[in-house]
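*Asks:* Okay, so here is model_39.tsv, and as you'll see once you scroll down, it has TSV, C-alpha atoms and all ligand atoms.
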chain	number	residue	atom	x	y	z
A	281	MET	CA	0.00	0.00	0.00
A	282	LEU	CA	2.60	2.55	1.15
A	283	LYS	CA	6.24	2.25	0.15
A	284	ILE	CA	9.04	4.59	1.17
A	285	LYS	CA	12.12	3.83	-0.88
A	286	ASN	CA	15.56	5.23	-0.08
A	287	VAL	CA	14.10	8.58	0.99
A	288	VAL	CA	16.42	11.46	1.81
A	289	ALA	CA	14.81	14.60	3.25
A	290	GLY	CA	15.46	17.44	5.64
A	291	TYR	CA	15.04	21.09	6.40
A	292	GLY	CA	17.08	23.62	4.43
A	293	LYS	CA	20.60	22.28	4.23
A	294	ALA	CA	20.16	19.96	7.19
A	295	GLU	CA	19.57	16.36	6.10
A	296	VAL	CA	17.38	14.51	8.60
A	297	LEU	CA	16.43	11.29	6.77
A	298	HIS	CA	19.41	9.54	5.23
A	299	GLY	CA	17.82	7.07	2.84
A	300	ILE	CA	15.07	5.25	4.69
A	301	GLU	CA	13.06	2.22	3.54
A	302	LEU	CA	9.67	1.35	4.97
A	303	TYR	CA	6.42	-0.20	3.79
A	304	VAL	CA	2.88	-0.69	5.06
A	305	ASP	CA	0.69	-3.42	3.54
A	306	ALA	CA	-3.10	-3.23	3.35
A	307	GLY	CA	-4.74	-3.86	6.73
A	308	GLU	CA	-1.50	-3.70	8.71
A	309	VAL	CA	-0.65	-1.69	11.81
A	310	VAL	CA	3.02	-0.78	11.46
A	311	ALA	CA	4.91	1.05	14.18
A	312	LEU	CA	7.73	3.53	13.69
A	313	VAL	CA	9.54	4.01	16.96
A	314	GLY	CA	12.69	5.74	18.12
A	315	PRO	CA	14.03	8.48	20.35
A	316	ASN	CA	13.36	12.23	20.18
A	317	GLY	CA	14.66	13.83	17.03
A	318	ALA	CA	15.18	10.52	15.19
A	319	GLY	CA	13.14	11.72	12.21
A	320	LYS	CA	9.79	9.97	12.77
A	321	THR	CA	7.61	13.06	12.28
A	322	THR	CA	9.77	14.07	9.33
A	323	THR	CA	8.98	10.68	7.76
A	324	ILE	CA	5.25	11.32	8.22
A	325	ARG	CA	5.63	14.75	6.61
A	326	CYS	CA	7.24	13.15	3.56
A	327	VAL	CA	4.17	10.94	3.14
A	328	THR	CA	1.62	13.71	3.66
A	329	GLY	CA	3.33	15.99	1.15
A	330	GLN	CA	4.21	18.60	3.78
A	331	LEU	CA	7.92	18.13	3.17
A	332	PRO	CA	9.46	17.64	-0.28
A	333	ILE	CA	11.84	14.74	-0.50
A	334	LYS	CA	15.36	15.30	-1.86
A	335	GLN	CA	15.91	11.78	-3.10
A	336	GLY	CA	14.05	8.50	-3.29
A	337	LEU	CA	10.41	7.66	-3.79
A	338	VAL	CA	7.15	7.49	-1.87
A	339	THR	CA	4.47	5.36	-3.50
A	340	TYR	CA	0.91	4.71	-2.47
A	341	LYS	CA	-1.06	1.92	-4.14
A	342	GLU	CA	1.79	1.73	-6.69
A	343	LYS	CA	1.48	5.43	-7.61
A	344	ASP	CA	4.36	7.85	-7.11
A	345	ILE	CA	3.12	10.46	-4.62
A	346	SER	CA	6.49	12.10	-3.94
A	347	GLN	CA	5.61	15.28	-5.80
A	348	ILE	CA	1.92	15.51	-4.90
A	349	PRO	CA	0.95	18.49	-2.72
A	350	ALA	CA	-0.53	17.91	0.74
A	351	TYR	CA	-4.10	18.89	-0.12
A	352	GLN	CA	-4.22	16.26	-2.84
A	353	ILE	CA	-2.73	13.51	-0.69
A	354	VAL	CA	-5.86	13.55	1.48
A	355	ASN	CA	-7.91	12.95	-1.68
A	356	LEU	CA	-5.98	9.73	-2.22
A	357	GLY	CA	-7.15	8.35	1.12
A	358	ILE	CA	-4.23	9.20	3.39
A	359	CYS	CA	-5.06	11.11	6.57
A	360	CYS	CA	-2.94	12.12	9.52
A	361	SER	CA	-3.55	12.77	13.18
A	362	PRO	CA	-0.59	15.03	13.91
A	363	GLU	CA	1.72	15.18	16.88
A	364	GLY	CA	0.42	17.62	19.47
A	365	ARG	CA	-3.13	16.96	18.24
A	366	ASN	CA	-3.61	20.38	16.60
A	367	VAL	CA	-7.38	20.51	16.88
A	368	PHE	CA	-9.05	23.81	16.02
A	369	GLY	CA	-9.47	25.12	19.55
A	370	ASN	CA	-11.95	27.88	18.74
A	371	LEU	CA	-14.26	25.54	16.84
A	372	SER	CA	-16.69	23.10	18.42
A	373	VAL	CA	-16.10	19.36	18.48
A	374	TYR	CA	-18.70	18.91	15.73
A	375	GLU	CA	-17.13	21.66	13.58
A	376	ASN	CA	-13.73	19.98	13.90
A	377	LEU	CA	-15.22	16.70	12.72
A	378	LYS	CA	-16.99	18.48	9.90
A	379	MET	CA	-13.64	19.86	8.73
A	380	GLY	CA	-12.30	16.30	8.66
A	381	GLY	CA	-15.23	15.20	6.50
A	382	TYR	CA	-15.14	18.00	3.95
A	383	LEU	CA	-14.08	15.64	1.17
A	384	ILE	CA	-16.93	13.18	1.65
A	385	HIS	CA	-19.31	13.06	-1.29
A	386	GLY	CA	-22.92	12.49	-0.31
A	387	LYS	CA	-24.90	13.28	2.80
A	388	GLN	CA	-25.52	9.64	3.65
A	389	LEU	CA	-21.83	8.74	3.76
A	390	TYR	CA	-21.09	11.88	5.78
A	391	LYS	CA	-23.79	10.91	8.28
A	392	GLU	CA	-22.47	7.35	8.51
A	393	GLN	CA	-18.93	8.50	9.12
A	394	LEU	CA	-20.01	10.98	11.78
A	395	GLU	CA	-22.08	8.28	13.50
A	396	TRP	CA	-19.11	5.92	13.37
A	397	VAL	CA	-16.80	8.51	14.97
A	398	TYR	CA	-19.37	9.28	17.67
A	399	SER	CA	-19.93	5.58	18.37
A	400	LEU	CA	-16.18	5.05	18.62
A	401	PHE	CA	-15.76	8.07	20.90
A	402	PRO	CA	-19.04	8.65	22.81
A	403	LYS	CA	-17.36	11.51	24.72
A	404	LEU	CA	-17.18	13.46	21.45
A	405	TRP	CA	-20.92	13.05	21.04
A	406	GLU	CA	-21.52	14.26	24.61
A	407	ARG	CA	-19.30	17.27	24.00
A	408	ARG	CA	-20.21	17.91	20.36
A	409	ASP	CA	-21.13	21.58	20.94
A	410	GLN	CA	-18.22	22.33	23.24
A	411	LEU	CA	-15.19	24.28	22.02
A	412	ALA	CA	-12.28	21.93	21.28
A	413	GLU	CA	-9.94	24.01	23.45
A	414	SER	CA	-12.08	23.20	26.48
A	415	LEU	CA	-11.55	19.44	26.11
A	416	SER	CA	-9.10	17.44	28.19
A	417	GLY	CA	-5.87	16.26	26.55
A	418	GLY	CA	-7.30	12.77	26.06
A	419	GLU	CA	-10.50	14.10	24.54
A	420	GLN	CA	-8.51	16.34	22.19
A	421	GLN	CA	-6.55	13.27	21.09
A	422	MET	CA	-9.82	11.46	20.43
A	423	LEU	CA	-10.99	14.45	18.42
A	424	ALA	CA	-7.77	14.58	16.40
A	425	ILE	CA	-8.15	10.89	15.54
A	426	GLY	CA	-11.88	11.28	14.92
A	427	ARG	CA	-11.25	14.18	12.56
A	428	ALA	CA	-8.60	12.15	10.70
A	429	ILE	CA	-10.91	9.18	10.14
A	430	MET	CA	-13.96	11.25	9.15
A	431	SER	CA	-13.07	10.97	5.47
A	432	LYS	CA	-12.67	7.18	5.75
A	433	PRO	CA	-8.98	7.00	4.88
A	434	SER	CA	-7.41	3.76	3.67
A	435	LEU	CA	-4.19	4.75	5.40
A	436	LEU	CA	-4.13	6.52	8.75
A	437	LEU	CA	-0.93	8.12	10.01
A	438	LEU	CA	-0.87	8.56	13.77
A	439	ASP	CA	1.88	10.71	15.25
A	440	GLU	CA	2.43	10.08	18.97
A	441	PRO	CA	-1.17	9.47	20.06
A	442	SER	CA	-0.04	8.70	23.62
A	443	LEU	CA	1.96	11.91	24.09
A	444	GLY	CA	1.36	13.61	27.43
A	445	LEU	CA	-1.60	11.42	28.41
A	446	ALA	CA	-2.19	9.46	31.60
A	447	PRO	CA	-1.74	5.66	31.22
A	448	VAL	CA	-5.44	4.93	31.68
A	449	VAL	CA	-6.33	7.39	28.89
A	450	VAL	CA	-3.60	5.97	26.67
A	451	ASP	CA	-5.16	2.49	27.10
A	452	GLN	CA	-8.55	3.86	26.03
A	453	ILE	CA	-7.06	5.55	22.96
A	454	TYR	CA	-5.17	2.41	21.99
A	455	GLU	CA	-8.32	0.30	22.24
A	456	LYS	CA	-9.91	2.67	19.74
A	457	ILE	CA	-6.91	2.50	17.43
A	458	GLU	CA	-7.33	-1.30	17.40
A	459	GLU	CA	-11.01	-0.90	16.55
A	460	ILE	CA	-10.15	1.43	13.67
A	461	SER	CA	-7.66	-1.12	12.41
A	462	HIS	CA	-10.25	-3.91	12.63
A	463	GLU	CA	-12.50	-1.83	10.37
A	464	GLY	CA	-9.84	-2.34	7.69
A	465	THR	CA	-7.86	0.90	7.92
A	466	SER	CA	-4.10	0.49	7.49
A	467	ILE	CA	-2.14	2.37	10.13
A	468	LEU	CA	1.37	3.77	10.38
A	469	LEU	CA	1.88	4.56	14.03
A	470	VAL	CA	4.67	6.82	15.25
A	471	GLU	CA	5.35	6.28	18.94
A	472	GLN	CA	7.96	6.92	21.59
A	473	ASN	CA	6.25	4.42	23.86
A	474	VAL	CA	7.94	1.38	22.34
A	475	ARG	CA	6.24	-1.22	24.55
A	476	LEU	CA	2.80	0.01	23.56
A	477	ALA	CA	3.69	0.35	19.89
A	478	LEU	CA	5.06	-3.21	19.69
A	479	GLU	CA	1.96	-4.57	21.43
A	480	ILE	CA	-0.48	-3.12	18.92
A	481	SER	CA	1.51	-3.49	15.69
A	482	SER	CA	2.28	-6.52	13.54
A	483	ARG	CA	5.58	-5.08	12.31
A	484	ALA	CA	7.80	-2.26	13.46
A	485	TYR	CA	10.73	-0.10	12.41
A	486	VAL	CA	13.22	1.37	14.84
A	487	MET	CA	14.55	4.71	13.64
A	488	GLU	CA	17.66	6.33	15.03
A	489	SER	CA	19.41	9.42	13.70
A	490	GLY	CA	17.43	9.44	10.47
A	491	GLN	CA	18.11	5.81	9.64
A	492	ILE	CA	16.21	2.56	10.10
A	493	ARG	CA	18.29	0.68	12.63
A	494	LEU	CA	16.06	-2.41	12.96
A	495	CYS	CA	12.84	-3.73	11.50
A	496	GLY	CA	10.81	-6.88	11.74
A	497	LYS	CA	7.83	-8.56	13.34
A	498	SER	CA	6.83	-6.74	16.51
A	499	SER	CA	6.57	-10.01	18.44
A	500	GLU	CA	10.21	-10.74	17.60
A	501	LEU	CA	11.46	-7.19	18.18
A	502	GLU	CA	9.93	-7.33	21.67
A	503	LYS	CA	12.45	-10.05	22.49
A	504	ASP	CA	15.42	-8.40	20.78
A	505	SER	CA	18.14	-7.71	23.34
A	506	TYR	CA	19.04	-4.29	21.87
A	507	ILE	CA	15.39	-3.19	22.01
A	508	GLU	CA	14.97	-4.62	25.50
A	509	GLN	CA	17.97	-2.76	26.83
A	510	THR	CA	17.57	0.50	24.91
A	511	TYR	CA	13.82	0.96	24.84
A	512	LEU	CA	12.14	-1.43	27.26
A	513	GLY	CA	14.33	-0.84	30.28
A	514	VAL	CA	15.22	-4.53	30.65
A	515	LYS	CA	18.64	-5.01	32.29
A	601	LIG	P1	10.03	13.64	18.39
A	601	LIG	O1	9.57	12.32	18.90
A	601	LIG	O2	10.76	14.43	19.37
A	601	LIG	O3	8.94	14.39	17.68
A	601	LIG	P2	10.98	12.77	15.81
A	601	LIG	O4	11.63	11.44	15.70
A	601	LIG	O5	9.58	12.87	15.34
A	601	LIG	O6	11.12	13.29	17.30
A	601	LIG	P3	11.51	14.93	13.99
A	601	LIG	O7	10.46	15.81	14.57
A	601	LIG	O8	11.27	14.29	12.68
A	601	LIG	O9	11.89	13.78	15.05
A	601	LIG	O10	12.87	15.75	13.95
A	601	LIG	C1	14.07	15.23	13.36
A	601	LIG	C2	15.09	16.35	13.30
A	601	LIG	O11	14.61	17.36	12.42
A	601	LIG	C3	15.36	17.02	14.62
A	601	LIG	O12	16.74	17.28	14.72
A	601	LIG	C4	14.58	18.31	14.54
A	601	LIG	O13	15.20	19.34	15.27
A	601	LIG	C5	14.62	18.63	13.05
A	601	LIG	N1	13.42	19.35	12.64
A	601	LIG	C6	12.14	18.95	12.78
A	601	LIG	N2	11.28	19.85	12.27
A	601	LIG	C7	12.04	20.87	11.78
A	601	LIG	C8	11.75	22.10	11.12
A	601	LIG	N3	10.50	22.46	10.85
A	601	LIG	N4	12.80	22.90	10.76
A	601	LIG	C9	14.07	22.51	11.01
A	601	LIG	N5	14.42	21.36	11.63
A	601	LIG	C10	13.43	20.55	12.01
Please express what this file holds, its structure, as structure tokens.
Ligand code: ATP

*Replies:*
Amino acid sequence: MLKIKNVVAGYGKAEVLHGIELYVDAGEVVALVGPNGAGKTTTIRCVTGQLPIKQGLVTYKEKDISQIPAYQIVNLGICCSPEGRNVFGNLSVYENLKMGGYLIHGKQLYKEQLEWVYSLFPKLWERRDQLAESLSGGEQQMLAIGRAIMSKPSLLLLDEPSLGLAPVVVDQIYEKIEEISHEGTSILLVEQNVRLALEISSRAYVMESGQIRLCGKSSELEKDSYIEQTYLGVK
């Protein structure tokens, strides 16, 4: 579905990604983990068209999307819930979701998607008329994910959905991510919480300093001694 081939990218003269390779197959949850500043968000930006790549190729359903601008990427069925959530604080919960569904053709589909998001996150239904800025951090994360799935993407990019949230809220959010995956949405999940990311994903990539250091089945990476020592705190 998604293929990132030998991608080099960065900001100005600073190269951040030094030729990375990654793929996501249809229906998969794939995790991209690594420390602060490794280049995970930069990778996401290369897929969403927010950052031009300097070298390499990004393909989606066999089509080269490397040069396609961000607003057209959404049309292809790729949506992103960004790091830091970035909901529209001065708009209501419903208005935020409406923004996410602006590409949907047909009232019936729009209604179905909205109902699906509300059934997934009943709190958003309860707070539908409330300003997004008045929501808790966890509720804002739910809204960011809800907004991203409003247009029924085939590929959902999630950037640090657990960031800054209490463990109990993180568990709730992750349950919902699993539900979204079971509905058939492919997911590329960027996480610093390696334990969590390996639990939910079928495969994972470990990124360090703009390079893929390790990749493989999550169940096997969980037992990898380097991962255990570096990321899971096992001595
Ligand atoms: P984190 O988990 O902290 O978000 P990350 O793995 O997502 O880390 P990136 O946000 O991709 O890392 O950052 C990779 C490098 O690119 C860092 O050195 C960062 O300072 C730099 N960087 C990120 N965004 C920009 C930008 N807009 N302009 C210049 N440099 C940037």

*Asks:* Could you name the residues that touch Ser442 in chain A at 8 Å or less, counting all atoms listed in the file, but leaving out those on the same chain fewer than 4 positions away, as a PyMOL selection string?

*Replies:* chain A and resi 450+453+471+473

*Asks:* Let me have all residues with an atom within 10 Å of ligand LIG 601 (chain A), counting all atoms listed in the file, laid out as a ChimeraX atom specification.

*Replies:* /A:289-297,312-325,331,363-364,439-440,443,470-473,487-490

*Asks:* Set the distance at 9 Å and use all atoms listed in the file: which residues neighbour Thr328 in chain A once local chain neighbours fewer than 3 positions away are removed? I'd like the list as a ChimeraX atom specification.

*Replies:* /A:323-325,331,348-351,353-354,358-360,437

*Asks:* Do a neighbour search on Asp409 in chain A at 8 Å with all atoms listed in the file, toss out local chain neighbours closer than 4 positions, and write the hits as a list in words.

*Replies:*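 The neighbour list is Ser372, Val373 and Tyr374 of chain A.
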
*Asks:* Mind working out the centre and edge lengths of an axis-aligned box for range 426-445 of chain A, all listed atoms inside, 8 Å added to each side, rounded to one decimal in Å and written as lines of an AutoDock Vina configuration file?

*Replies:*
center_x = -5.8
center_y = 9.0
center_z = 16.0
size_x = 32.4
size_y = 26.4
size_z = 40.7

*Asks:* How would you write as a VMD selection string the residues that get within 10 Å of (8.0, 1.2, 13.5) in the file's frame, counting all atoms listed in the file?

*Replies:* chain A and resid 302 to 303 309 to 314 320 468 to 472 474 477 to 478 481 to 487 492 494 to 498

*Asks:* Please provide the set of residues having any atom within 12 Å of Ser416 in chain A, restricted to all atoms listed in the file, with same-chain residues fewer than 4 positions apart removed, written as a ChimeraX atom specification.

*Replies:* /A:365,367,369,403-404,407,410-412,420-423,444-446,449

*Asks:* What separation in Å, quoted to one decimal, exists between CA of Val338 in chain A and CA of Ile284 in chain A?

*Replies:*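 Calculated distance between CA of Val338 in chain A and CA of Ile284 in chain A is 4.6 Å.
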
*Asks:* One decimal, in Å: what's the spacing between CA of Lys456 in chain A and CA of Cys326 in chain A?

*Replies:*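 Computed distance, CA of Lys456 in chain A to CA of Cys326 in chain A, equals 25.8 Å.
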